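Visitor: The file below is data-v7.tsv, TSV, C-alpha atoms:
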chain	number	residue	atom	x	y	z
A	1	MET	CA	98.10	55.85	51.24
A	2	TYR	CA	97.55	54.47	47.75
A	3	VAL	CA	98.65	51.03	46.55
A	4	ILE	CA	99.46	50.71	42.83
A	5	LEU	CA	99.47	47.28	41.16
A	6	GLY	CA	101.61	47.14	38.03
A	7	GLY	CA	103.26	50.28	39.36
A	8	THR	CA	106.46	49.96	37.34
A	9	GLY	CA	104.67	49.66	33.99
A	10	GLN	CA	103.66	52.52	31.72
A	11	VAL	CA	100.21	53.21	33.16
A	12	GLY	CA	100.92	52.18	36.74
A	13	SER	CA	103.99	54.39	37.00
A	14	ALA	CA	102.09	57.31	35.44
A	15	THR	CA	99.37	56.85	38.06
A	16	ALA	CA	101.96	56.76	40.82
A	17	ARG	CA	103.66	59.91	39.57
A	18	ALA	CA	100.34	61.74	39.31
A	19	LEU	CA	99.56	60.88	42.95
A	20	LEU	CA	103.07	61.75	44.14
A	21	GLY	CA	102.67	65.08	42.35
A	22	GLU	CA	99.63	65.73	44.54
A	23	GLY	CA	101.66	65.02	47.66
A	24	GLU	CA	100.05	61.62	48.29
A	25	GLU	CA	101.78	58.58	49.78
A	26	VAL	CA	102.17	55.72	47.31
A	27	THR	CA	103.26	52.09	47.52
A	28	ILE	CA	104.25	50.39	44.27
A	29	VAL	CA	103.63	46.64	43.92
A	30	THR	CA	106.16	44.90	41.68
A	31	ARG	CA	107.34	41.33	41.14
A	32	ASP	CA	110.95	42.37	40.54
A	33	LYS	CA	112.91	44.14	43.28
A	34	SER	CA	115.23	45.60	40.64
A	35	HIS	CA	112.34	47.65	39.22
A	36	GLY	CA	110.94	50.89	40.56
A	37	GLU	CA	114.14	52.64	41.65
A	38	ASP	CA	113.15	55.83	39.84
A	39	LEU	CA	109.78	55.85	41.61
A	40	LYS	CA	111.46	55.15	44.95
A	41	LYS	CA	113.66	58.20	44.38
A	42	ALA	CA	110.49	60.17	43.62
A	43	GLY	CA	109.11	59.24	47.02
A	44	ALA	CA	107.21	55.98	46.54
A	45	SER	CA	107.55	52.90	48.70
A	46	ILE	CA	108.20	49.56	46.98
A	47	ALA	CA	106.53	46.24	47.87
A	48	VAL	CA	107.93	43.18	46.11
A	49	VAL	CA	104.92	40.87	45.73
A	50	ASP	CA	103.64	38.50	43.05
A	51	VAL	CA	99.92	39.18	42.53
A	52	ARG	CA	99.36	35.40	42.54
A	53	ASP	CA	100.43	35.34	46.22
A	54	VAL	CA	97.01	36.21	47.62
A	55	GLU	CA	98.00	36.47	51.28
A	56	ALA	CA	101.05	38.65	50.57
A	57	LEU	CA	99.06	40.89	48.22
A	58	ARG	CA	96.25	41.23	50.76
A	59	GLY	CA	98.83	42.26	53.34
A	60	VAL	CA	100.07	45.10	51.12
A	61	LEU	CA	96.52	46.21	50.30
A	62	LYS	CA	95.75	46.39	54.03
A	63	SER	CA	98.45	49.03	54.37
A	64	GLY	CA	96.58	51.43	52.08
A	65	LYS	CA	93.18	53.07	51.93
A	66	ARG	CA	92.69	52.88	48.15
A	67	ALA	CA	94.26	50.89	45.33
A	68	PHE	CA	94.81	51.03	41.58
A	69	LEU	CA	94.31	47.59	40.05
A	70	LEU	CA	96.05	46.68	36.82
A	71	ASN	CA	96.13	43.09	35.61
A	72	PRO	CA	99.80	42.43	34.74
A	73	PRO	CA	100.24	41.42	31.08
A	74	ALA	CA	101.28	37.82	30.55
A	75	ASP	CA	104.25	36.69	28.46
A	76	PRO	CA	102.82	36.25	24.93
A	77	SER	CA	104.90	33.10	24.43
A	78	ASN	CA	102.45	31.47	26.86
A	79	ASP	CA	98.66	31.21	26.97
A	80	THR	CA	97.99	34.85	27.86
A	81	ASP	CA	94.24	34.47	28.46
A	82	LYS	CA	94.76	31.62	30.91
A	83	GLU	CA	97.51	33.40	32.85
A	84	GLU	CA	95.70	36.72	33.00
A	85	ARG	CA	92.48	35.05	34.20
A	86	GLU	CA	94.51	33.51	37.01
A	87	ASN	CA	95.86	36.97	37.86
A	88	VAL	CA	92.30	38.33	38.03
A	89	ALA	CA	91.19	35.54	40.35
A	90	ALA	CA	94.11	36.22	42.70
A	91	ILE	CA	93.55	40.00	42.76
A	92	ILE	CA	89.84	39.61	43.50
A	93	ALA	CA	90.61	37.11	46.27
A	94	ALA	CA	93.15	39.51	47.81
A	95	LEU	CA	90.54	42.29	47.98
A	96	ASP	CA	88.48	40.20	50.40
A	97	GLY	CA	89.46	41.33	53.89
A	98	SER	CA	91.76	44.09	52.63
A	99	GLY	CA	89.76	46.87	54.26
A	100	LEU	CA	90.14	49.16	51.24
A	101	GLU	CA	87.57	51.96	50.92
A	102	LYS	CA	87.77	52.19	47.09
A	103	VAL	CA	89.55	50.71	44.07
A	104	VAL	CA	90.14	51.98	40.54
A	105	ALA	CA	90.75	49.38	37.83
A	106	ALA	CA	92.33	49.67	34.39
A	107	SER	CA	90.23	48.16	31.60
A	108	THR	CA	89.89	48.61	27.85
A	109	TYR	CA	87.60	49.94	25.15
A	110	GLY	CA	85.51	47.14	23.71
A	111	ALA	CA	85.54	44.82	26.74
A	112	PHE	CA	82.86	42.19	26.20
A	113	GLU	CA	81.68	38.82	27.43
A	114	GLY	CA	83.44	35.99	25.61
A	115	GLU	CA	85.93	33.15	25.87
A	116	ARG	CA	89.15	33.99	24.00
A	117	CYS	CA	89.75	37.53	22.88
A	118	GLY	CA	92.60	38.70	25.06
A	119	ASP	CA	92.09	41.79	27.21
A	120	LEU	CA	88.65	42.37	25.71
A	121	THR	CA	87.26	39.29	27.43
A	122	VAL	CA	89.64	38.92	30.39
A	123	LEU	CA	89.15	42.52	31.52
A	124	TYR	CA	85.39	42.26	31.04
A	125	GLU	CA	85.47	39.39	33.54
A	126	PHE	CA	87.63	41.56	35.82
A	127	GLU	CA	85.01	44.33	35.65
A	128	GLN	CA	82.19	41.92	36.47
A	129	ALA	CA	84.11	40.44	39.41
A	130	LEU	CA	84.73	43.93	40.81
A	131	LYS	CA	81.05	44.79	40.53
A	132	SER	CA	80.19	41.65	42.48
A	133	GLN	CA	82.37	42.42	45.52
A	134	SER	CA	81.73	44.97	48.27
A	135	ILE	CA	84.46	47.60	47.76
A	136	PRO	CA	83.34	50.59	45.63
A	137	ALA	CA	85.00	50.14	42.23
A	138	ALA	CA	85.69	52.71	39.52
A	139	ILE	CA	86.67	51.34	36.11
A	140	ASN	CA	88.62	53.29	33.51
A	141	ARG	CA	88.35	51.82	30.02
A	142	ALA	CA	91.26	53.03	27.88
A	143	GLY	CA	91.69	53.52	24.17
A	144	TYR	CA	94.56	51.92	22.28
A	145	TYR	CA	97.83	52.67	24.08
A	146	MET	CA	100.10	55.04	22.16
A	147	SER	CA	102.94	53.17	23.87
A	148	ASN	CA	102.15	50.12	21.70
A	149	TRP	CA	103.83	51.99	18.83
A	150	ALA	CA	107.07	52.49	20.76
A	151	GLY	CA	108.34	49.04	19.77
A	152	MET	CA	108.09	50.01	16.11
A	153	ALA	CA	110.76	52.69	16.39
A	154	GLU	CA	113.59	50.32	15.41
A	155	PRO	CA	112.15	49.11	12.06
A	156	VAL	CA	111.13	52.69	11.29
A	157	GLN	CA	114.67	53.88	11.92
A	158	GLU	CA	116.26	51.01	10.01
A	159	ASN	CA	114.19	50.93	6.82
A	160	GLY	CA	111.52	53.63	6.96
A	161	THR	CA	108.59	51.25	7.32
A	162	LEU	CA	106.00	51.24	10.10
A	163	PRO	CA	104.40	47.80	10.57
A	164	SER	CA	100.70	48.15	11.38
A	165	PHE	CA	98.03	45.63	12.31
A	166	PHE	CA	95.41	48.20	11.27
A	167	PRO	CA	94.53	49.75	7.90
A	168	ALA	CA	96.70	52.80	7.36
A	169	ASP	CA	93.79	55.25	7.21
A	170	LEU	CA	91.71	53.79	10.05
A	171	SER	CA	91.36	56.41	12.81
A	172	ILE	CA	91.02	54.92	16.28
A	173	ALA	CA	90.97	56.14	19.88
A	174	MET	CA	94.55	56.28	21.19
A	175	VAL	CA	95.78	57.50	24.56
A	176	ALA	CA	99.12	58.21	26.22
A	177	PRO	CA	100.05	56.50	29.50
A	178	ALA	CA	100.44	59.87	31.21
A	179	ASP	CA	96.81	60.75	30.50
A	180	LEU	CA	95.65	57.38	31.80
A	181	GLY	CA	97.70	57.93	34.95
A	182	LYS	CA	96.13	61.33	35.55
A	183	ALA	CA	92.64	59.92	34.97
A	184	ALA	CA	93.27	57.06	37.40
A	185	ALA	CA	94.70	59.40	40.04
A	186	ARG	CA	91.66	61.68	39.82
A	187	ARG	CA	89.30	58.79	40.47
A	188	LEU	CA	91.48	57.39	43.25
A	189	MET	CA	91.23	60.74	45.03
A	190	SER	CA	87.52	61.32	44.31
A	191	GLY	CA	84.63	60.27	46.52
A	192	THR	CA	83.47	56.69	47.01
A	193	GLU	CA	80.34	57.57	45.03
A	194	ASP	CA	82.49	57.99	41.89
A	195	VAL	CA	82.21	54.44	40.60
A	196	GLY	CA	81.35	52.61	37.39
A	197	ILE	CA	82.82	52.87	33.90
A	198	GLN	CA	84.49	55.89	32.35
A	199	TYR	CA	86.22	55.96	28.95
A	200	VAL	CA	89.57	57.68	28.47
A	201	GLU	CA	91.30	58.58	25.20
A	202	GLY	CA	93.58	61.23	23.75
A	203	PRO	CA	92.64	64.69	22.44
A	204	GLU	CA	92.06	63.36	18.90
A	205	ARG	CA	91.71	60.05	17.11
A	206	TYR	CA	94.63	58.89	15.03
A	207	SER	CA	95.53	56.42	12.30
A	208	ALA	CA	98.66	54.40	11.54
A	209	LYS	CA	99.36	56.97	8.86
A	210	ASP	CA	99.35	59.67	11.56
A	211	VAL	CA	101.83	57.57	13.54
A	212	ALA	CA	104.07	57.31	10.46
A	213	ILE	CA	103.93	61.09	9.99
A	214	ALA	CA	104.87	61.64	13.64
A	215	PHE	CA	107.87	59.29	13.30
A	216	ALA	CA	108.86	60.90	10.00
A	217	GLU	CA	108.84	64.42	11.42
A	218	LYS	CA	110.91	63.43	14.46
A	219	MET	CA	113.38	61.27	12.50
A	220	ASP	CA	113.49	63.61	9.50
A	221	ARG	CA	112.96	60.80	7.04
A	222	LYS	CA	110.22	59.30	4.88
A	223	VAL	CA	108.12	56.64	6.66
A	224	GLU	CA	105.58	54.35	5.00
A	225	VAL	CA	102.93	52.22	6.67
A	226	GLN	CA	103.32	48.48	6.08
A	227	GLU	CA	99.89	46.93	6.69
A	228	VAL	CA	99.63	43.37	7.97
A	229	PRO	CA	96.83	41.69	5.97
A	230	ARG	CA	93.79	40.74	8.04
A	231	ASP	CA	94.13	37.05	7.15
A	232	ALA	CA	97.81	37.06	8.16
A	233	LEU	CA	97.36	38.34	11.72
A	234	GLU	CA	97.78	34.99	13.51
A	235	ASP	CA	100.83	34.03	11.46
A	236	THR	CA	102.41	37.44	12.04
A	237	PHE	CA	101.92	37.25	15.80
A	238	ARG	CA	103.43	33.75	15.78
A	239	GLU	CA	106.44	35.10	13.87
A	240	PHE	CA	106.86	37.58	16.74
A	241	GLY	CA	107.12	34.65	19.16
A	242	PHE	CA	103.51	34.46	20.34
A	243	SER	CA	102.06	31.11	21.30
A	244	ASP	CA	99.20	29.76	19.18
A	245	GLU	CA	96.76	30.70	21.96
A	246	ALA	CA	98.11	34.23	22.34
A	247	ALA	CA	98.21	34.75	18.55
A	248	ALA	CA	94.52	33.81	18.32
A	249	SER	CA	93.61	36.18	21.17
A	250	TYR	CA	95.56	39.14	19.81
A	251	ALA	CA	94.18	38.58	16.31
A	252	CYS	CA	90.66	38.56	17.75
A	253	MET	CA	91.27	41.87	19.55
A	254	THR	CA	92.74	43.41	16.41
A	255	ARG	CA	89.85	42.38	14.18
A	256	ARG	CA	87.25	43.70	16.61
A	257	LEU	CA	89.03	47.06	16.71
A	258	ILE	CA	89.22	47.18	12.90
A	259	ASP	CA	85.52	46.30	12.67
A	260	GLY	CA	84.53	49.19	14.97
A	261	LYS	CA	83.46	46.98	17.86
A	262	THR	CA	85.56	48.80	20.46
A	263	MET	CA	83.93	52.23	20.37
A	264	PRO	CA	83.04	53.86	23.72
A	265	ALA	CA	79.46	53.51	24.91
A	266	HIS	CA	79.33	57.15	26.06
A	267	GLU	CA	81.32	60.39	25.91
A	268	PRO	CA	84.98	59.80	26.84
A	269	ILE	CA	87.32	61.80	29.05
A	270	LEU	CA	89.89	63.43	26.74
A	271	GLY	CA	93.54	63.57	27.68
A	272	THR	CA	95.89	66.34	26.58
A	273	THR	CA	98.87	64.41	25.15
A	274	SER	CA	98.90	64.47	21.36
A	275	LEU	CA	100.30	61.61	19.31
A	276	LYS	CA	103.08	63.84	17.91
A	277	SER	CA	104.19	64.96	21.36
A	278	TYR	CA	104.15	61.38	22.64
A	279	ILE	CA	106.23	60.05	19.72
A	280	ALA	CA	108.65	62.96	20.10
A	281	ALA	CA	109.04	62.20	23.80
A	282	ILE	CA	109.78	58.47	23.38
A	283	LEU	CA	112.35	59.22	20.69
A	284	GLY	CA	114.10	61.66	23.01
So, in terms of C-alpha coordinates, how does the structure I just supplied come out?
Guide:
Amino acid sequence: MYVILGGTGQVGSATARALLGEGEEVTIVTRDKSHGEDLKKAGASIAVVDVRDVEALRGVLKSGKRAFLLNPPADPSNDTDKEERENVAAIIAALDGSGLEKVVAASTYGAFEGERCGDLTVLYEFEQALKSQSIPAAINRAGYYMSNWAGMAEPVQENGTLPSFFPADLSIAMVAPADLGKAAARRLMSGTEDVGIQYVEGPERYSAKDVAIAFAEKMDRKVEVQEVPRDALEDTFREFGFSDEAAASYACMTRRLIDGKTMPAHEPILGTTSLKSYIAAILG
(Lines of atoms letter the chains of each structure in order from A and count residues from 1; the text may use other names and numbers.)
(Lines give C-alpha, C1' and ligand atoms only; values in the text may rest on other atoms or scores of the structure.)
Protein backbone atom coordinates (compact mmCIF):
# COMPACT_ATOMS: atom_id res chain seq x y z
CA MET A 1 0.00 0.00 0.00
CA TYR A 2 1.15 3.51 -0.86
CA VAL A 3 0.77 6.55 1.40
CA ILE A 4 0.43 9.94 -0.34
CA LEU A 5 1.17 13.16 1.55
CA GLY A 6 -0.57 16.20 0.09
CA GLY A 7 -2.85 13.71 -1.62
CA THR A 8 -5.72 16.13 -2.24
CA GLY A 9 -3.55 18.72 -4.00
CA GLN A 10 -2.79 18.86 -7.71
CA VAL A 11 0.32 16.67 -7.75
CA GLY A 12 -0.58 14.42 -4.84
CA SER A 13 -3.99 13.57 -6.29
CA ALA A 14 -2.45 12.93 -9.72
CA THR A 15 0.01 10.53 -8.09
CA ALA A 16 -2.81 8.78 -6.26
CA ARG A 17 -4.86 8.42 -9.43
CA ALA A 18 -1.88 7.04 -11.35
CA LEU A 19 -1.37 4.38 -8.67
CA LEU A 20 -5.08 3.56 -8.45
CA GLY A 21 -5.05 3.16 -12.23
CA GLU A 22 -2.42 0.46 -11.77
CA GLY A 23 -4.62 -1.36 -9.29
CA GLU A 24 -2.55 -0.33 -6.26
CA GLU A 25 -3.90 0.39 -2.78
CA VAL A 26 -3.54 4.05 -1.77
CA THR A 27 -4.03 6.03 1.43
CA ILE A 28 -4.37 9.79 1.10
CA VAL A 29 -3.10 11.99 3.95
CA THR A 30 -5.05 15.23 4.34
CA ARG A 31 -5.55 17.81 7.08
CA ASP A 32 -9.20 18.40 6.16
CA LYS A 33 -11.72 15.55 6.38
CA SER A 34 -13.95 17.36 3.89
CA HIS A 35 -11.29 16.89 1.18
CA GLY A 36 -10.60 13.79 -0.86
CA GLU A 37 -14.15 12.53 -1.45
CA ASP A 38 -13.51 12.12 -5.17
CA LEU A 39 -10.41 10.05 -4.46
CA LYS A 40 -12.30 7.98 -1.89
CA LYS A 41 -14.90 7.20 -4.55
CA ALA A 42 -12.04 6.19 -6.85
CA GLY A 43 -10.90 3.64 -4.29
CA ALA A 44 -8.44 5.45 -2.02
CA SER A 45 -8.50 5.39 1.76
CA ILE A 46 -8.39 8.73 3.61
CA ALA A 47 -6.30 9.48 6.71
CA VAL A 48 -6.97 12.83 8.37
CA VAL A 49 -3.60 13.85 9.83
CA ASP A 50 -1.66 17.09 10.19
CA VAL A 51 1.93 16.48 9.04
CA ARG A 52 3.10 18.40 12.13
CA ASP A 53 1.66 15.60 14.32
CA VAL A 54 4.72 13.36 14.12
CA GLU A 55 3.31 10.39 16.02
CA ALA A 56 0.04 10.36 14.06
CA LEU A 57 1.87 10.72 10.75
CA ARG A 58 4.30 7.93 11.66
CA GLY A 59 1.31 5.73 12.46
CA VAL A 60 -0.13 6.25 8.97
CA LEU A 61 3.25 5.68 7.31
CA LYS A 62 3.58 2.37 9.19
CA SER A 63 0.45 1.16 7.41
CA GLY A 64 2.14 1.41 4.00
CA LYS A 65 5.21 0.03 2.29
CA ARG A 66 6.13 3.16 0.30
CA ALA A 67 5.23 6.83 0.49
CA PHE A 68 5.07 9.94 -1.67
CA LEU A 69 6.30 12.96 0.27
CA LEU A 70 5.09 16.43 -0.65
CA ASN A 71 5.74 19.37 1.66
CA PRO A 72 2.35 21.11 2.01
CA PRO A 73 2.48 24.75 0.83
CA ALA A 74 2.11 27.31 3.58
CA ASP A 75 -0.38 30.18 3.59
CA PRO A 76 1.47 33.06 1.86
CA SER A 77 0.01 35.54 4.35
CA ASN A 78 2.42 33.98 6.87
CA ASP A 79 6.17 33.34 6.84
CA THR A 80 6.12 30.52 4.28
CA ASP A 81 9.79 29.56 4.63
CA LYS A 82 9.49 29.18 8.40
CA GLU A 83 6.30 27.12 8.22
CA GLU A 84 7.50 24.87 5.43
CA ARG A 85 10.81 24.20 7.22
CA GLU A 86 8.77 23.09 10.22
CA ASN A 87 6.78 20.77 7.95
CA VAL A 88 10.02 19.26 6.64
CA ALA A 89 11.32 18.64 10.15
CA ALA A 90 8.09 16.87 11.13
CA ILE A 91 8.01 14.69 7.99
CA ILE A 92 11.63 13.62 8.44
CA ALA A 93 10.99 12.82 12.12
CA ALA A 94 7.94 10.72 11.19
CA LEU A 95 10.01 8.61 8.79
CA ASP A 96 12.12 7.37 11.70
CA GLY A 97 10.60 4.07 12.79
CA SER A 98 8.02 4.04 10.00
CA GLY A 99 9.34 0.83 8.45
CA LEU A 100 8.92 2.15 4.90
CA GLU A 101 11.00 0.44 2.21
CA LYS A 102 11.18 3.50 -0.10
CA VAL A 103 10.01 7.11 -0.43
CA VAL A 104 9.60 9.44 -3.40
CA ALA A 105 9.73 13.18 -2.72
CA ALA A 106 8.51 16.14 -4.76
CA SER A 107 11.11 18.87 -5.23
CA THR A 108 11.77 21.64 -7.73
CA TYR A 109 14.09 22.73 -10.52
CA GLY A 110 16.76 25.04 -9.17
CA ALA A 111 16.79 23.80 -5.56
CA PHE A 112 19.91 25.18 -3.89
CA GLU A 113 21.50 25.77 -0.52
CA GLY A 114 20.44 29.11 0.94
CA GLU A 115 18.44 30.88 3.62
CA ARG A 116 15.34 32.56 2.15
CA CYS A 117 14.29 31.68 -1.37
CA GLY A 118 11.06 29.77 -0.88
CA ASP A 119 10.83 26.25 -2.28
CA LEU A 120 14.26 26.54 -3.86
CA THR A 121 15.95 26.53 -0.47
CA VAL A 122 13.36 24.74 1.68
CA LEU A 123 13.11 21.77 -0.71
CA TYR A 124 16.90 21.62 -1.05
CA GLU A 125 17.03 21.13 2.72
CA PHE A 126 14.30 18.48 2.37
CA GLU A 127 16.43 16.65 -0.22
CA GLN A 128 19.51 16.76 2.01
CA ALA A 129 17.56 15.49 5.02
CA LEU A 130 16.21 12.57 2.97
CA LYS A 131 19.71 11.67 1.81
CA SER A 132 20.86 11.60 5.44
CA GLN A 133 18.27 9.08 6.66
CA SER A 134 18.17 5.33 6.05
CA ILE A 135 15.11 4.82 3.80
CA PRO A 136 15.95 4.76 0.05
CA ALA A 137 14.76 8.10 -1.35
CA ALA A 138 13.95 9.07 -4.92
CA ILE A 139 13.58 12.79 -5.62
CA ASN A 140 11.63 14.24 -8.53
CA ARG A 141 12.52 17.85 -9.29
CA ALA A 142 9.69 19.49 -11.25
CA GLY A 143 9.60 22.35 -13.70
CA TYR A 144 7.25 25.29 -13.21
CA TYR A 145 3.73 24.00 -12.57
CA MET A 146 1.32 24.71 -15.41
CA SER A 147 -1.35 24.83 -12.69
CA ASN A 148 0.17 28.12 -11.44
CA TRP A 149 -1.48 29.77 -14.47
CA ALA A 150 -4.94 28.51 -13.54
CA GLY A 151 -5.51 31.41 -11.14
CA MET A 152 -5.03 33.86 -14.01
CA ALA A 153 -8.12 32.66 -15.86
CA GLU A 154 -10.39 35.26 -14.23
CA PRO A 155 -8.42 38.41 -15.21
CA VAL A 156 -7.94 36.93 -18.68
CA GLN A 157 -11.67 36.41 -19.03
CA GLU A 158 -12.55 39.82 -17.60
CA ASN A 159 -10.16 42.11 -19.48
CA GLY A 160 -8.01 40.05 -21.84
CA THR A 161 -4.78 40.51 -19.90
CA LEU A 162 -2.54 37.75 -18.55
CA PRO A 163 -0.45 38.94 -15.57
CA SER A 164 3.04 37.40 -15.70
CA PHE A 165 5.97 37.52 -13.31
CA PHE A 166 8.22 36.50 -16.21
CA PRO A 167 9.20 38.28 -19.44
CA ALA A 168 6.61 37.48 -22.10
CA ASP A 169 9.08 35.75 -24.43
CA LEU A 170 11.05 33.82 -21.81
CA SER A 171 10.67 30.08 -22.45
CA ILE A 172 10.87 27.96 -19.31
CA ALA A 173 10.33 24.34 -18.32
CA MET A 174 6.66 23.83 -17.42
CA VAL A 175 4.88 20.63 -16.44
CA ALA A 176 1.31 19.49 -15.84
CA PRO A 177 0.33 17.88 -12.52
CA ALA A 178 -0.80 14.73 -14.32
CA ASP A 179 2.69 14.18 -15.73
CA LEU A 180 4.24 14.72 -12.31
CA GLY A 181 1.80 12.20 -10.84
CA LYS A 182 2.72 9.59 -13.44
CA ALA A 183 6.44 10.19 -12.88
CA ALA A 184 6.03 9.85 -9.11
CA ALA A 185 3.95 6.68 -9.45
CA ARG A 186 6.58 5.08 -11.69
CA ARG A 187 9.30 5.68 -9.13
CA LEU A 188 7.09 4.54 -6.26
CA MET A 189 6.60 1.22 -8.04
CA SER A 190 10.21 0.83 -9.22
CA GLY A 191 12.98 -0.96 -7.34
CA THR A 192 14.66 0.36 -4.20
CA GLU A 193 17.80 0.95 -6.28
CA ASP A 194 15.95 3.70 -8.21
CA VAL A 195 16.96 6.62 -6.02
CA GLY A 196 18.46 10.09 -6.37
CA ILE A 197 17.34 13.09 -8.42
CA GLN A 198 15.37 13.04 -11.65
CA TYR A 199 14.04 16.11 -13.47
CA VAL A 200 10.51 16.19 -14.90
CA GLU A 201 9.03 18.71 -17.33
CA GLY A 202 6.51 18.89 -20.16
CA PRO A 203 6.99 17.93 -23.82
CA GLU A 204 8.17 21.45 -24.73
CA ARG A 205 9.25 24.65 -23.03
CA TYR A 206 6.80 27.51 -23.00
CA SER A 207 6.63 31.25 -22.42
CA ALA A 208 3.98 33.53 -20.93
CA LYS A 209 3.16 34.48 -24.50
CA ASP A 210 2.42 30.81 -25.22
CA VAL A 211 0.13 30.76 -22.18
CA ALA A 212 -1.69 33.84 -23.51
CA ILE A 213 -2.13 32.16 -26.90
CA ALA A 214 -3.54 29.04 -25.25
CA PHE A 215 -6.05 31.13 -23.26
CA ALA A 216 -6.93 33.15 -26.36
CA GLU A 217 -7.65 30.08 -28.47
CA LYS A 218 -9.84 28.49 -25.80
CA MET A 219 -11.70 31.72 -24.91
CA ASP A 220 -11.87 32.95 -28.51
CA ARG A 221 -10.62 36.39 -27.60
CA LYS A 222 -7.45 38.47 -27.78
CA VAL A 223 -5.14 38.06 -24.76
CA GLU A 224 -2.09 40.20 -24.00
CA VAL A 225 0.68 39.49 -21.51
CA GLN A 226 0.99 42.07 -18.72
CA GLU A 227 4.54 41.77 -17.37
CA VAL A 228 5.24 42.59 -13.74
CA PRO A 229 8.49 44.63 -13.68
CA ARG A 230 11.40 42.89 -11.98
CA ASP A 231 11.77 45.67 -9.40
CA ALA A 232 8.06 45.50 -8.56
CA LEU A 233 7.90 41.80 -7.67
CA GLU A 234 7.85 42.21 -3.87
CA ASP A 235 5.24 44.97 -3.99
CA THR A 236 3.06 42.94 -6.35
CA PHE A 237 3.17 39.87 -4.13
CA ARG A 238 2.27 42.04 -1.14
CA GLU A 239 -0.69 43.44 -3.08
CA PHE A 240 -1.83 39.82 -3.49
CA GLY A 241 -1.86 39.45 0.30
CA PHE A 242 1.58 37.92 0.83
CA SER A 243 3.46 38.67 4.02
CA ASP A 244 6.72 40.63 3.73
CA GLU A 245 8.66 37.40 4.31
CA ALA A 246 6.70 35.43 1.71
CA ALA A 247 6.93 38.27 -0.82
CA ALA A 248 10.72 38.30 -0.46
CA SER A 249 10.91 34.52 -0.90
CA TYR A 250 8.66 34.39 -3.95
CA ALA A 251 10.48 37.32 -5.56
CA CYS A 252 13.78 35.50 -5.01
CA MET A 253 12.44 32.36 -6.68
CA THR A 254 11.08 34.37 -9.60
CA ARG A 255 14.33 36.23 -10.22
CA ARG A 256 16.39 33.05 -10.16
CA LEU A 257 14.08 31.48 -12.74
CA ILE A 258 14.28 34.59 -14.95
CA ASP A 259 18.08 34.57 -14.64
CA GLY A 260 18.32 30.95 -15.82
CA LYS A 261 19.43 29.57 -12.47
CA THR A 262 16.79 26.83 -12.35
CA MET A 263 17.82 24.76 -15.36
CA PRO A 264 18.06 20.96 -14.91
CA ALA A 265 21.50 19.52 -14.23
CA HIS A 266 20.90 16.59 -16.60
CA GLU A 267 18.42 15.33 -19.21
CA PRO A 268 14.83 15.55 -17.92
CA ILE A 269 11.98 13.08 -18.15
CA LEU A 270 9.44 14.57 -20.58
CA GLY A 271 5.73 14.39 -19.89
CA THR A 272 3.08 14.23 -22.61
CA THR A 273 0.64 16.98 -21.57
CA SER A 274 1.02 20.07 -23.75
CA LEU A 275 0.34 23.56 -22.42
CA LYS A 276 -2.61 24.01 -24.82
CA SER A 277 -4.25 20.77 -23.73
CA TYR A 278 -3.76 21.64 -20.06
CA ILE A 279 -5.26 25.14 -20.43
CA ALA A 280 -8.16 23.70 -22.44
CA ALA A 281 -8.81 21.13 -19.70
CA ILE A 282 -8.88 23.62 -16.81
CA LEU A 283 -11.23 25.90 -18.73
CA GLY A 284 -13.60 23.00 -19.31
Visitor: Would you compute the distance between atom CA of A:Asn140 and atom CA of A:Glu84? Give it in Å to one decimal.
Guide: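 A separation of 18.0 Å between them.
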Visitor: Pick from A:Glu267, A:Glu201, A:Asp194, A:Asp210: nearest to A:Gly181, with only C-alpha atoms counted?
Guide: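 Nearest to A:Gly181: A:Glu201.
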Visitor: Looking at all atoms listed in the file, which of A:Gly196, A:Gly7, A:Pro268, A:Pro163 is the one that sits closest to A:Glu37?
Guide: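 Selected residue with least distance to A:Glu37: A:Gly7.
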Visitor: Of the candidates A:Thr236, A:Ser171, A:Gln198, A:Gln128, which one gets nearest to A:Arg141 if we count all atoms listed in the file?
Guide: A:Gln198
Visitor: As an exercise, work out the distance from atom CA of A:Asp53 to atom CA of A:Asp79 in Å and give it to one decimal place.
Guide: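 Result for atom CA of A:Asp53 versus atom CA of A:Asp79: 19.8 Å, one decimal.
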Visitor: As a count of residues only, please: the residues near stretch 60-62 of chain A (cut-off 7 Å, all atoms listed in the file, same-chain neighbours under 3 positions excluded).
Guide: 6
Visitor: For A:Ala89, which of A:Ala129, A:Ile4, A:Val223, A:Ala74 is the closest residue, counting only C-alpha atoms?
Guide: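 Selected residue with least distance to A:Ala89: A:Ala129.
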Visitor: Neighbours of A:Arg85 within 10 Å (only C-alpha atoms; same-chain residues fewer than 5 positions away dropped), as a list in words?
Guide: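 Within the cut-off, the hits are Asn71, Ala74, Thr80, Ala90, Ile91, Gly118, Asp119, Thr121, Val122, Leu123, Glu125 and Phe126 of chain A.
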Visitor: Fewer than 4 positions away in the same chain doesn't count, so skip those; otherwise give me all residues within 8 Å of A:Phe68, counting only C-alpha atoms, as an MDAnalysis selection string.
Guide: chainID A and resid 2:5 12 103:106 184 188
Visitor: Go ahead and write the residues just picked, C-alpha atoms, as a tab-separated table (two decimals), in the coordinates of the input.
Guide:
chain	number	residue	atom	x	y	z
A	2	TYR	CA	97.55	54.47	47.75
A	3	VAL	CA	98.65	51.03	46.55
A	4	ILE	CA	99.46	50.71	42.83
A	5	LEU	CA	99.47	47.28	41.16
A	12	GLY	CA	100.92	52.18	36.74
A	103	VAL	CA	89.55	50.71	44.07
A	104	VAL	CA	90.14	51.98	40.54
A	105	ALA	CA	90.75	49.38	37.83
A	106	ALA	CA	92.33	49.67	34.39
A	184	ALA	CA	93.27	57.06	37.40
A	188	LEU	CA	91.48	57.39	43.25
Visitor: Any idea what the distance is between atom CA of A:Pro136 and atom CA of A:Tyr199?
Guide: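 So the answer is 17.8 Å.
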